[in-house]
Amino acid sequence: MPRRFLSIGECMIEFAPTPAGTYAVGFAGDTFNTAWYARQLADADQIDVGFLSAVGDDDLSKQLTGFVKNAGITPEFATIRGGSPGVYMIFLSEGERSFQYWRSQSAARRLAEDLTALKGLSAGDMAYFSGITMAILDEPARGLLLAALAEAAARGVQVVFDPNLRPRLWRSNEDMCTWTMKAAAAAAIVLPSFEDEAVHFGDPDPAATAQRYLDGGARLAVVKDGEGPVVVQSSDGDGFRYQPAPVAAVADTTAAGDSFNAAFLVEYLERGRAREAVRAGCALAAHVIGSRGALVPVSQLDLIACRNRLSA
């Protein structure tokens with residue numbers, strides 16, 4: 001039986017800029033992006049990739065569900081009568097992105113109404129969620145999700161959390177930071193980005209970010225820092241830094257962290273090697289930010305590099 005990688009969150013309708021000055025319509029969202037890249041990287045005989053969310057009963061929801069299935073991802077969707085997907089638009093300036101969202105009525109806000117897929121995970125499987133997953137839920141739903149993740153962890157499921165701090169989705173910075181630490185406490189592996197953590201938690205350096213999450217209960221903290229070294233620390237005292245290779249040209253950083261997470265987690269789930277997993281994450285992120293859009297196809301050559309079959 002293949003192990004399961006279950007990503008939890010929201011997949012939205014994406015309007016992404018094109019070189020012609022128009023917008024291309026697609027489907028994306030932080031945890032979905034990670035599931036999409038994981039499906040490209042993982043051996044289907046070894047890892048089944050699923051996505052837990054909620055959709056509406058409208059035509060866009062049907063198209064979204066079809067897209068997920070066609071990507072080889074198992075949709076674990078609750079259907080909300082009268083619901084529909086959220087929408088967002090990407091704006092780019094010199095490779096850096098900003099977003100505008102229309103998600104207040106998104107069906108994914110009710111994903112915690114059906115967490116059956118989490119109950120189906122067993123020891124050796126992995127469940128992945130993010131700060132955005134937490135932000136779109138109301139407080140009772142956040143509690144339901146964290147309780148279900150705690151039950152999964154007690155069965156030996158590896159729970160993974162990317163804080164993905166987005167203050168505009170929260171009532172206040174204090175609310176965001178409080179729930180971020182509650183969510184991180186449910187996870188064995190935490191994948192923060194230092195730039196955001198420094199702004200909102202006041203961490204002086206990536207090592208401080210890692211230590212804060214270890215103190216909160218994580219067993220492994222992997223702190224991304226853009227072009228800077230990835231800092232990895234574990235609760236048993238082991239750790240290392242990995243310096244990514246320079247990227248020649250950056251076209252769009254939209255899914256840099258999402259793709260890093262996918263390659264890291266697939267490698268770690270399959271082989272349990274943190275250093276090789278970080279190298280895989282950096283390789284895939286470098287490939288992804290060289291193209292526009294959240295979902296960038298990965299060729300066989302890229303797969304070879306990202307799965308660490310090249311020398312360091």
# chains A, B, ... in the order shown; residues from 1 in each chain; ligands from 1
call {"tool": "residues_around", "arguments": {"residues": "range 255-261 of chain A", "least_positions_apart": "4", "cutoff": "7 Å", "atoms": "only C-alpha atoms", "output": "PDB file with C-alpha atoms, in the first residue's frame"}}
result
ATOM      1  CA  ASP A  30      -0.706  27.515  -1.284  1.00  0.00           C
ATOM      2  CA  THR A  31      -1.392  24.000   0.004  1.00  0.00           C
ATOM      3  CA  ASN A  33       0.319  24.094  -5.096  1.00  0.00           C
ATOM      4  CA  THR A  34       2.357  21.896  -2.773  1.00  0.00           C
ATOM      5  CA  TYR A  37       4.214  19.612  -7.153  1.00  0.00           C
ATOM      6  CA  LEU A 265       8.409  16.662   1.973  1.00  0.00           C
ATOM      7  CA  GLY A 281      13.461  21.824  -2.174  1.00  0.00           C
ATOM      8  CA  CYS A 282      15.952  24.475  -3.251  1.00  0.00           C
ATOM      9  CA  LEU A 284      12.668  22.822  -7.374  1.00  0.00           C
ATOM     10  CA  ALA A 285      12.068  26.342  -6.040  1.00  0.00           C
ATOM     11  CA  VAL A 288       9.727  27.336 -10.409  1.00  0.00           C
ATOM     12  CA  ILE A 289      10.654  30.990  -9.855  1.00  0.00           C
ATOM     13  CA  ALA A 294       2.030  29.169  -9.526  1.00  0.00           C
TER      14      ALA A 294
END
call {"tool": "residues_around", "arguments": {"residues": "Glu113 in chain A", "least_positions_apart": "5", "cutoff": "10 Å", "atoms": "only C-alpha atoms", "output": "ChimeraX atom specification"}}
result
/A:53-54,78-80,108,141,144-145
call {"tool": "write_last_selection", "arguments": {"atoms": "N, CA, C and O atoms", "output": "tab-separated table (two decimals), in the first residue's frame"}}
result
chain	number	residue	atom	x	y	z
A	53	SER	N	-10.45	19.65	1.05
A	53	SER	CA	-10.99	20.99	1.00
A	53	SER	C	-12.51	20.90	0.91
A	53	SER	O	-13.09	19.85	1.19
A	54	ALA	N	-13.15	22.00	0.55
A	54	ALA	CA	-14.58	22.02	0.29
A	54	ALA	C	-14.82	22.86	-0.95
A	54	ALA	O	-14.12	23.86	-1.19
A	78	ALA	N	-15.65	18.17	0.56
A	78	ALA	CA	-17.04	18.33	0.97
A	78	ALA	C	-17.71	19.24	-0.05
A	78	ALA	O	-17.08	20.18	-0.57
A	79	THR	N	-18.95	18.98	-0.38
A	79	THR	CA	-19.70	19.82	-1.31
A	79	THR	C	-20.67	20.70	-0.53
A	79	THR	O	-21.53	20.20	0.20
A	80	ILE	N	-20.52	22.00	-0.68
A	80	ILE	CA	-21.34	22.98	0.02
A	80	ILE	C	-22.40	23.52	-0.93
A	80	ILE	O	-22.05	24.16	-1.95
A	108	ALA	N	-14.34	26.68	0.68
A	108	ALA	CA	-13.24	26.09	1.44
A	108	ALA	C	-13.22	26.55	2.89
A	108	ALA	O	-12.62	25.89	3.75
A	141	ALA	N	-13.99	26.03	13.78
A	141	ALA	CA	-13.47	25.13	12.75
A	141	ALA	C	-11.97	24.91	12.91
A	141	ALA	O	-11.45	23.81	12.68
A	144	LEU	N	-11.60	22.28	15.49
A	144	LEU	CA	-11.92	20.95	14.96
A	144	LEU	C	-10.76	20.40	14.15
A	144	LEU	O	-10.40	19.22	14.29
A	145	LEU	N	-10.17	21.25	13.31
A	145	LEU	CA	-9.05	20.79	12.48
A	145	LEU	C	-7.85	20.40	13.35
A	145	LEU	O	-7.25	19.33	13.14
call {"tool": "select_by_dssp", "arguments": {"residues": "range 25-97 of chain A", "states": "helix (DSSP H, G or I)", "output": "JSON, numbers by chain"}}
result
{"A": [30, 31, 32, 33, 34, 35, 36, 37, 38, 39, 40, 41, 59, 60, 61, 62, 63, 64, 65, 66, 67, 68, 69, 70]}
call {"tool": "write_last_selection", "arguments": {"atoms": "N, CA and C atoms", "output": "PDB file, in the first residue's frame"}}
result
ATOM      1  N   ASP A  30      -1.995  27.915  -1.835  1.00  0.00           N
ATOM      2  CA  ASP A  30      -0.706  27.515  -1.284  1.00  0.00           C
ATOM      3  C   ASP A  30      -0.586  26.016  -1.031  1.00  0.00           C
ATOM      4  N   THR A  31      -1.513  25.430  -0.291  1.00  0.00           N
ATOM      5  CA  THR A  31      -1.392  24.000   0.004  1.00  0.00           C
ATOM      6  C   THR A  31      -1.724  23.141  -1.206  1.00  0.00           C
ATOM      7  N   PHE A  32      -2.590  23.659  -2.089  1.00  0.00           N
ATOM      8  CA  PHE A  32      -2.839  22.909  -3.320  1.00  0.00           C
ATOM      9  C   PHE A  32      -1.599  22.903  -4.197  1.00  0.00           C
ATOM     10  N   ASN A  33      -0.905  24.044  -4.296  1.00  0.00           N
ATOM     11  CA  ASN A  33       0.319  24.094  -5.096  1.00  0.00           C
ATOM     12  C   ASN A  33       1.313  23.030  -4.628  1.00  0.00           C
ATOM     13  N   THR A  34       1.444  22.895  -3.314  1.00  0.00           N
ATOM     14  CA  THR A  34       2.357  21.896  -2.773  1.00  0.00           C
ATOM     15  C   THR A  34       1.913  20.490  -3.153  1.00  0.00           C
ATOM     16  N   ALA A  35       0.607  20.219  -3.085  1.00  0.00           N
ATOM     17  CA  ALA A  35       0.108  18.906  -3.501  1.00  0.00           C
ATOM     18  C   ALA A  35       0.380  18.661  -4.975  1.00  0.00           C
ATOM     19  N   TRP A  36       0.211  19.689  -5.805  1.00  0.00           N
ATOM     20  CA  TRP A  36       0.413  19.551  -7.259  1.00  0.00           C
ATOM     21  C   TRP A  36       1.876  19.213  -7.569  1.00  0.00           C
ATOM     22  N   TYR A  37       2.794  19.915  -6.933  1.00  0.00           N
ATOM     23  CA  TYR A  37       4.214  19.612  -7.153  1.00  0.00           C
ATOM     24  C   TYR A  37       4.586  18.247  -6.563  1.00  0.00           C
ATOM     25  N   ALA A  38       4.014  17.916  -5.417  1.00  0.00           N
ATOM     26  CA  ALA A  38       4.304  16.613  -4.819  1.00  0.00           C
ATOM     27  C   ALA A  38       3.874  15.477  -5.744  1.00  0.00           C
ATOM     28  N   ARG A  39       2.751  15.670  -6.414  1.00  0.00           N
ATOM     29  CA  ARG A  39       2.282  14.628  -7.327  1.00  0.00           C
ATOM     30  C   ARG A  39       3.249  14.448  -8.491  1.00  0.00           C
ATOM     31  N   GLN A  40       3.840  15.526  -8.982  1.00  0.00           N
ATOM     32  CA  GLN A  40       4.811  15.413 -10.067  1.00  0.00           C
ATOM     33  C   GLN A  40       6.092  14.720  -9.605  1.00  0.00           C
ATOM     34  N   LEU A  41       6.483  14.954  -8.375  1.00  0.00           N
ATOM     35  CA  LEU A  41       7.757  14.442  -7.883  1.00  0.00           C
ATOM     36  C   LEU A  41       7.677  13.020  -7.349  1.00  0.00           C
ATOM     37  N   ASP A  59     -20.606  25.379 -11.502  1.00  0.00           N
ATOM     38  CA  ASP A  59     -19.772  24.894 -12.605  1.00  0.00           C
ATOM     39  C   ASP A  59     -18.286  25.096 -12.335  1.00  0.00           C
ATOM     40  N   LEU A  60     -17.912  26.230 -11.699  1.00  0.00           N
ATOM     41  CA  LEU A  60     -16.500  26.453 -11.404  1.00  0.00           C
ATOM     42  C   LEU A  60     -15.970  25.396 -10.437  1.00  0.00           C
ATOM     43  N   SER A  61     -16.789  24.997  -9.470  1.00  0.00           N
ATOM     44  CA  SER A  61     -16.371  23.953  -8.531  1.00  0.00           C
ATOM     45  C   SER A  61     -16.184  22.627  -9.255  1.00  0.00           C
ATOM     46  N   LYS A  62     -17.058  22.347 -10.211  1.00  0.00           N
ATOM     47  CA  LYS A  62     -16.915  21.119 -10.996  1.00  0.00           C
ATOM     48  C   LYS A  62     -15.639  21.155 -11.829  1.00  0.00           C
ATOM     49  N   GLN A  63     -15.335  22.324 -12.396  1.00  0.00           N
ATOM     50  CA  GLN A  63     -14.094  22.448 -13.172  1.00  0.00           C
ATOM     51  C   GLN A  63     -12.876  22.276 -12.270  1.00  0.00           C
ATOM     52  N   LEU A  64     -12.933  22.869 -11.088  1.00  0.00           N
ATOM     53  CA  LEU A  64     -11.831  22.734 -10.138  1.00  0.00           C
ATOM     54  C   LEU A  64     -11.618  21.269  -9.767  1.00  0.00           C
ATOM     55  N   THR A  65     -12.705  20.565  -9.469  1.00  0.00           N
ATOM     56  CA  THR A  65     -12.607  19.147  -9.103  1.00  0.00           C
ATOM     57  C   THR A  65     -12.006  18.341 -10.243  1.00  0.00           C
ATOM     58  N   GLY A  66     -12.430  18.634 -11.469  1.00  0.00           N
ATOM     59  CA  GLY A  66     -11.864  17.936 -12.630  1.00  0.00           C
ATOM     60  C   GLY A  66     -10.387  18.220 -12.796  1.00  0.00           C
ATOM     61  N   PHE A  67      -9.978  19.459 -12.544  1.00  0.00           N
ATOM     62  CA  PHE A  67      -8.566  19.818 -12.641  1.00  0.00           C
ATOM     63  C   PHE A  67      -7.736  19.036 -11.634  1.00  0.00           C
ATOM     64  N   VAL A  68      -8.243  18.946 -10.417  1.00  0.00           N
ATOM     65  CA  VAL A  68      -7.534  18.210  -9.371  1.00  0.00           C
ATOM     66  C   VAL A  68      -7.379  16.740  -9.762  1.00  0.00           C
ATOM     67  N   LYS A  69      -8.446  16.129 -10.232  1.00  0.00           N
ATOM     68  CA  LYS A  69      -8.392  14.723 -10.639  1.00  0.00           C
ATOM     69  C   LYS A  69      -7.426  14.525 -11.801  1.00  0.00           C
ATOM     70  N   ASN A  70      -7.479  15.423 -12.778  1.00  0.00           N
ATOM     71  CA  ASN A  70      -6.606  15.294 -13.946  1.00  0.00           C
ATOM     72  C   ASN A  70      -5.137  15.456 -13.578  1.00  0.00           C
TER      73      ASN A  70
END
call {"tool": "closest_residue", "arguments": {"among": "A:Glu267, A:Asp162, A:Ala127, A:Val25", "to": "Ala42 in chain A", "atoms": "only C-alpha atoms"}}
result
A:Glu267
call {"tool": "select_by_dssp", "arguments": {"residues": "range 218-278 of chain A", "states": "strand (DSSP E)", "output": "list in words"}}
result
Leu220, Ala221, Val222, Val223, Val230, Val231, Val232, Gln233, Ser234, Gly239, Phe240, Arg241 and Tyr242 of chain A
call {"tool": "write_last_selection", "arguments": {"atoms": "C-alpha atoms", "output": "CSV table (one decimal), in the first residue's frame"}}
result
chain,number,residue,atom,x,y,z
A,220,LEU,CA,12.1,19.6,13.1
A,221,ALA,CA,12.1,23.3,12.0
A,222,VAL,CA,13.2,24.1,8.4
A,223,VAL,CA,13.5,27.9,8.0
A,230,VAL,CA,18.1,27.4,4.8
A,231,VAL,CA,18.4,26.8,8.5
A,232,VAL,CA,17.5,23.3,9.8
A,233,GLN,CA,17.3,22.5,13.5
A,234,SER,CA,15.8,19.4,15.2
A,239,GLY,CA,21.1,21.0,12.7
A,240,PHE,CA,22.8,22.4,9.6
A,241,ARG,CA,22.6,25.3,7.1
A,242,TYR,CA,22.3,24.8,3.4
call {"tool": "residues_around", "arguments": {"residues": "range 5-18 of chain A", "least_positions_apart": "6", "cutoff": "8 Å", "atoms": "only C-alpha atoms", "output": "ChimeraX atom specification"}}
result
/A:24-32,34-35,47-54,64,85-92,108-109,111,118,125-130,132-133,292-293
call {"tool": "write_last_selection", "arguments": {"atoms": "N, CA and C atoms", "output": "tab-separated table (two decimals), in the first residue's frame"}}
result
chain	number	residue	atom	x	y	z
A	24	ALA	N	-4.15	34.94	-17.49
A	24	ALA	CA	-4.51	33.55	-17.71
A	24	ALA	C	-5.28	33.04	-16.51
A	25	VAL	N	-6.32	32.24	-16.78
A	25	VAL	CA	-7.15	31.70	-15.72
A	25	VAL	C	-6.69	30.29	-15.38
A	26	GLY	N	-6.50	30.01	-14.09
A	26	GLY	CA	-6.10	28.68	-13.66
A	26	GLY	C	-6.62	28.39	-12.27
A	27	PHE	N	-6.06	27.40	-11.64
A	27	PHE	CA	-6.44	27.01	-10.29
A	27	PHE	C	-5.18	26.93	-9.44
A	28	ALA	N	-5.19	27.51	-8.26
A	28	ALA	CA	-4.01	27.47	-7.40
A	28	ALA	C	-4.39	27.86	-5.97
A	29	GLY	N	-3.45	27.71	-5.08
A	29	GLY	CA	-3.61	28.01	-3.66
A	29	GLY	C	-2.45	27.37	-2.95
A	30	ASP	N	-2.00	27.92	-1.84
A	30	ASP	CA	-0.71	27.52	-1.28
A	30	ASP	C	-0.59	26.02	-1.03
A	31	THR	N	-1.51	25.43	-0.29
A	31	THR	CA	-1.39	24.00	0.00
A	31	THR	C	-1.72	23.14	-1.21
A	32	PHE	N	-2.59	23.66	-2.09
A	32	PHE	CA	-2.84	22.91	-3.32
A	32	PHE	C	-1.60	22.90	-4.20
A	34	THR	N	1.44	22.90	-3.31
A	34	THR	CA	2.36	21.90	-2.77
A	34	THR	C	1.91	20.49	-3.15
A	35	ALA	N	0.61	20.22	-3.09
A	35	ALA	CA	0.11	18.91	-3.50
A	35	ALA	C	0.38	18.66	-4.97
A	47	ILE	N	3.59	6.87	-3.14
A	47	ILE	CA	2.88	7.92	-2.42
A	47	ILE	C	1.61	8.31	-3.16
A	48	ASP	N	0.48	8.25	-2.47
A	48	ASP	CA	-0.79	8.75	-2.99
A	48	ASP	C	-0.97	10.17	-2.47
A	49	VAL	N	-1.22	11.13	-3.36
A	49	VAL	CA	-1.38	12.53	-2.98
A	49	VAL	C	-2.86	12.89	-2.99
A	50	GLY	N	-3.35	13.42	-1.88
A	50	GLY	CA	-4.73	13.86	-1.78
A	50	GLY	C	-4.81	15.31	-1.36
A	51	PHE	N	-5.98	15.92	-1.61
A	51	PHE	CA	-6.20	17.31	-1.23
A	51	PHE	C	-7.55	17.42	-0.55
A	52	LEU	N	-7.54	17.86	0.71
A	52	LEU	CA	-8.75	17.98	1.51
A	52	LEU	C	-9.21	19.44	1.50
A	53	SER	N	-10.45	19.65	1.05
A	53	SER	CA	-10.99	20.99	1.00
A	53	SER	C	-12.51	20.90	0.91
A	54	ALA	N	-13.15	22.00	0.55
A	54	ALA	CA	-14.58	22.02	0.29
A	54	ALA	C	-14.82	22.86	-0.95
A	64	LEU	N	-12.93	22.87	-11.09
A	64	LEU	CA	-11.83	22.73	-10.14
A	64	LEU	C	-11.62	21.27	-9.77
A	85	PRO	N	-15.84	28.48	-5.46
A	85	PRO	CA	-14.43	28.72	-5.08
A	85	PRO	C	-14.14	30.20	-4.88
A	86	GLY	N	-13.10	30.48	-4.11
A	86	GLY	CA	-12.59	31.84	-4.01
A	86	GLY	C	-11.82	32.21	-5.27
A	87	VAL	N	-11.53	33.49	-5.42
A	87	VAL	CA	-10.82	34.00	-6.61
A	87	VAL	C	-9.70	34.91	-6.14
A	88	TYR	N	-8.55	34.86	-6.85
A	88	TYR	CA	-7.49	35.83	-6.56
A	88	TYR	C	-6.78	36.22	-7.84
A	89	MET	N	-6.17	37.41	-7.80
A	89	MET	CA	-5.43	37.94	-8.94
A	89	MET	C	-4.01	38.26	-8.49
A	90	ILE	N	-3.04	37.92	-9.35
A	90	ILE	CA	-1.63	38.17	-9.06
A	90	ILE	C	-1.17	39.43	-9.79
A	91	PHE	N	-0.44	40.28	-9.08
A	91	PHE	CA	0.22	41.43	-9.67
A	91	PHE	C	1.72	41.25	-9.49
A	92	LEU	N	2.49	41.47	-10.55
A	92	LEU	CA	3.94	41.27	-10.50
A	92	LEU	C	4.69	42.57	-10.71
A	108	ALA	N	-14.34	26.68	0.68
A	108	ALA	CA	-13.24	26.09	1.44
A	108	ALA	C	-13.22	26.55	2.89
A	109	ARG	N	-13.88	27.66	3.20
A	109	ARG	CA	-13.97	28.11	4.58
A	109	ARG	C	-14.71	27.11	5.47
A	111	LEU	N	-14.29	23.68	5.14
A	111	LEU	CA	-13.66	22.37	4.94
A	111	LEU	C	-13.66	21.51	6.20
A	118	LEU	N	-8.86	12.71	7.05
A	118	LEU	CA	-7.81	12.66	8.07
A	118	LEU	C	-7.90	11.39	8.90
A	125	ASP	N	2.01	8.00	7.17
A	125	ASP	CA	1.41	8.97	6.26
A	125	ASP	C	1.77	10.38	6.72
A	126	MET	N	1.41	11.37	5.88
A	126	MET	CA	1.75	12.75	6.19
A	126	MET	C	0.54	13.64	5.93
A	127	ALA	N	0.25	14.57	6.85
A	127	ALA	CA	-0.80	15.57	6.69
A	127	ALA	C	-0.15	16.95	6.73
A	128	TYR	N	-0.51	17.80	5.78
A	128	TYR	CA	0.14	19.10	5.60
A	128	TYR	C	-0.90	20.21	5.56
A	129	PHE	N	-0.69	21.27	6.34
A	129	PHE	CA	-1.58	22.41	6.31
A	129	PHE	C	-0.78	23.69	6.53
A	130	SER	N	-1.45	24.83	6.42
A	130	SER	CA	-0.71	26.09	6.48
A	130	SER	C	-1.45	27.13	7.31
A	132	ILE	N	-2.56	29.81	6.10
A	132	ILE	CA	-3.71	30.25	5.30
A	132	ILE	C	-4.89	29.31	5.53
A	133	THR	N	-4.62	28.01	5.63
A	133	THR	CA	-5.68	27.07	5.98
A	133	THR	C	-6.36	27.50	7.26
A	292	ARG	N	6.68	32.06	-15.02
A	292	ARG	CA	5.51	32.74	-14.49
A	292	ARG	C	4.43	31.74	-14.08
A	293	GLY	N	3.70	32.09	-13.04
A	293	GLY	CA	2.57	31.27	-12.61
A	293	GLY	C	2.90	30.42	-11.40
call {"tool": "closest_atom_pairs", "arguments": {"of": "range 191-218 of chain A", "to": "range 166-185 of chain A", "cutoff": "10 Å", "atoms": "only C-alpha atoms", "output": "Markdown table"}}
result
| residue | atom | partner | partner_atom | distance |
| --- | --- | --- | --- | --- |
| A:Leu191 | CA | A:Ala184 | CA | 9.6 |
| A:Pro192 | CA | A:Ala184 | CA | 10.0 |
| A:Asp196 | CA | A:Arg166 | CA | 8.6 |
| A:Glu197 | CA | A:Cys177 | CA | 9.5 |
| A:His200 | CA | A:Asn173 | CA | 7.2 |
| A:Phe201 | CA | A:Cys177 | CA | 7.3 |
| A:Arg212 | CA | A:Met181 | CA | 9.2 |
| A:Tyr213 | CA | A:Ala184 | CA | 6.9 |
| A:Leu214 | CA | A:Ala185 | CA | 8.9 |
| A:Asp215 | CA | A:Ala185 | CA | 9.1 |
| A:Gly216 | CA | A:Ala185 | CA | 5.5 |
| A:Gly217 | CA | A:Ala185 | CA | 5.2 |
| A:Ala218 | CA | A:Ala185 | CA | 6.4 |
call {"tool": "write_last_selection", "arguments": {"atoms": "N, CA, C and O atoms", "output": "short mmCIF file (atom, residue, chain, number, x, y, z; two decimals), in the first residue's frame"}}
result
data_model
loop_
_atom_site.label_atom_id
_atom_site.label_comp_id
_atom_site.auth_asym_id
_atom_site.auth_seq_id
_atom_site.Cartn_x
_atom_site.Cartn_y
_atom_site.Cartn_z
N LEU A 191 7.69 24.58 8.63
CA LEU A 191 8.42 25.10 7.47
C LEU A 191 8.22 26.60 7.30
O LEU A 191 7.63 27.06 6.32
N PRO A 192 8.69 27.42 8.23
CA PRO A 192 8.46 28.87 8.16
C PRO A 192 9.41 29.57 7.17
O PRO A 192 10.43 29.03 6.76
N ASP A 196 8.98 36.70 6.86
CA ASP A 196 7.68 36.93 7.50
C ASP A 196 7.77 36.80 9.02
O ASP A 196 7.16 37.57 9.77
N GLU A 197 8.51 35.80 9.48
CA GLU A 197 8.62 35.56 10.92
C GLU A 197 9.31 36.73 11.62
O GLU A 197 8.94 37.11 12.74
N HIS A 200 6.69 39.64 11.96
CA HIS A 200 5.51 39.47 12.81
C HIS A 200 5.82 38.89 14.19
O HIS A 200 5.03 39.07 15.13
N PHE A 201 6.95 38.19 14.32
CA PHE A 201 7.33 37.64 15.63
C PHE A 201 8.57 38.33 16.21
O PHE A 201 8.93 38.09 17.36
N ARG A 212 12.18 28.91 18.29
CA ARG A 212 10.85 29.23 18.81
C ARG A 212 9.85 28.12 18.48
O ARG A 212 9.03 27.73 19.32
N TYR A 213 9.94 27.59 17.26
CA TYR A 213 9.01 26.52 16.89
C TYR A 213 9.37 25.20 17.57
O TYR A 213 8.49 24.42 17.94
N LEU A 214 10.65 24.94 17.78
CA LEU A 214 11.04 23.75 18.54
C LEU A 214 10.56 23.86 19.99
O LEU A 214 10.06 22.88 20.55
N ASP A 215 10.68 25.04 20.56
CA ASP A 215 10.19 25.25 21.92
C ASP A 215 8.67 25.06 21.99
O ASP A 215 8.13 24.68 23.02
N GLY A 216 8.00 25.32 20.86
CA GLY A 216 6.55 25.16 20.80
C GLY A 216 6.09 23.74 20.60
O GLY A 216 4.88 23.48 20.60
N GLY A 217 7.04 22.81 20.38
CA GLY A 217 6.67 21.41 20.28
C GLY A 217 7.06 20.70 19.01
O GLY A 217 6.92 19.47 18.91
N ALA A 218 7.55 21.43 17.99
CA ALA A 218 7.97 20.78 16.75
C ALA A 218 9.23 19.94 16.98
O ALA A 218 10.04 20.24 17.85
#
call {"tool": "closest_residue", "arguments": {"among": "A:Leu149, A:Val266, A:Ile73, A:Ala248", "to": "Ala187 in chain A", "atoms": "only C-alpha atoms"}}
result
A:Leu149
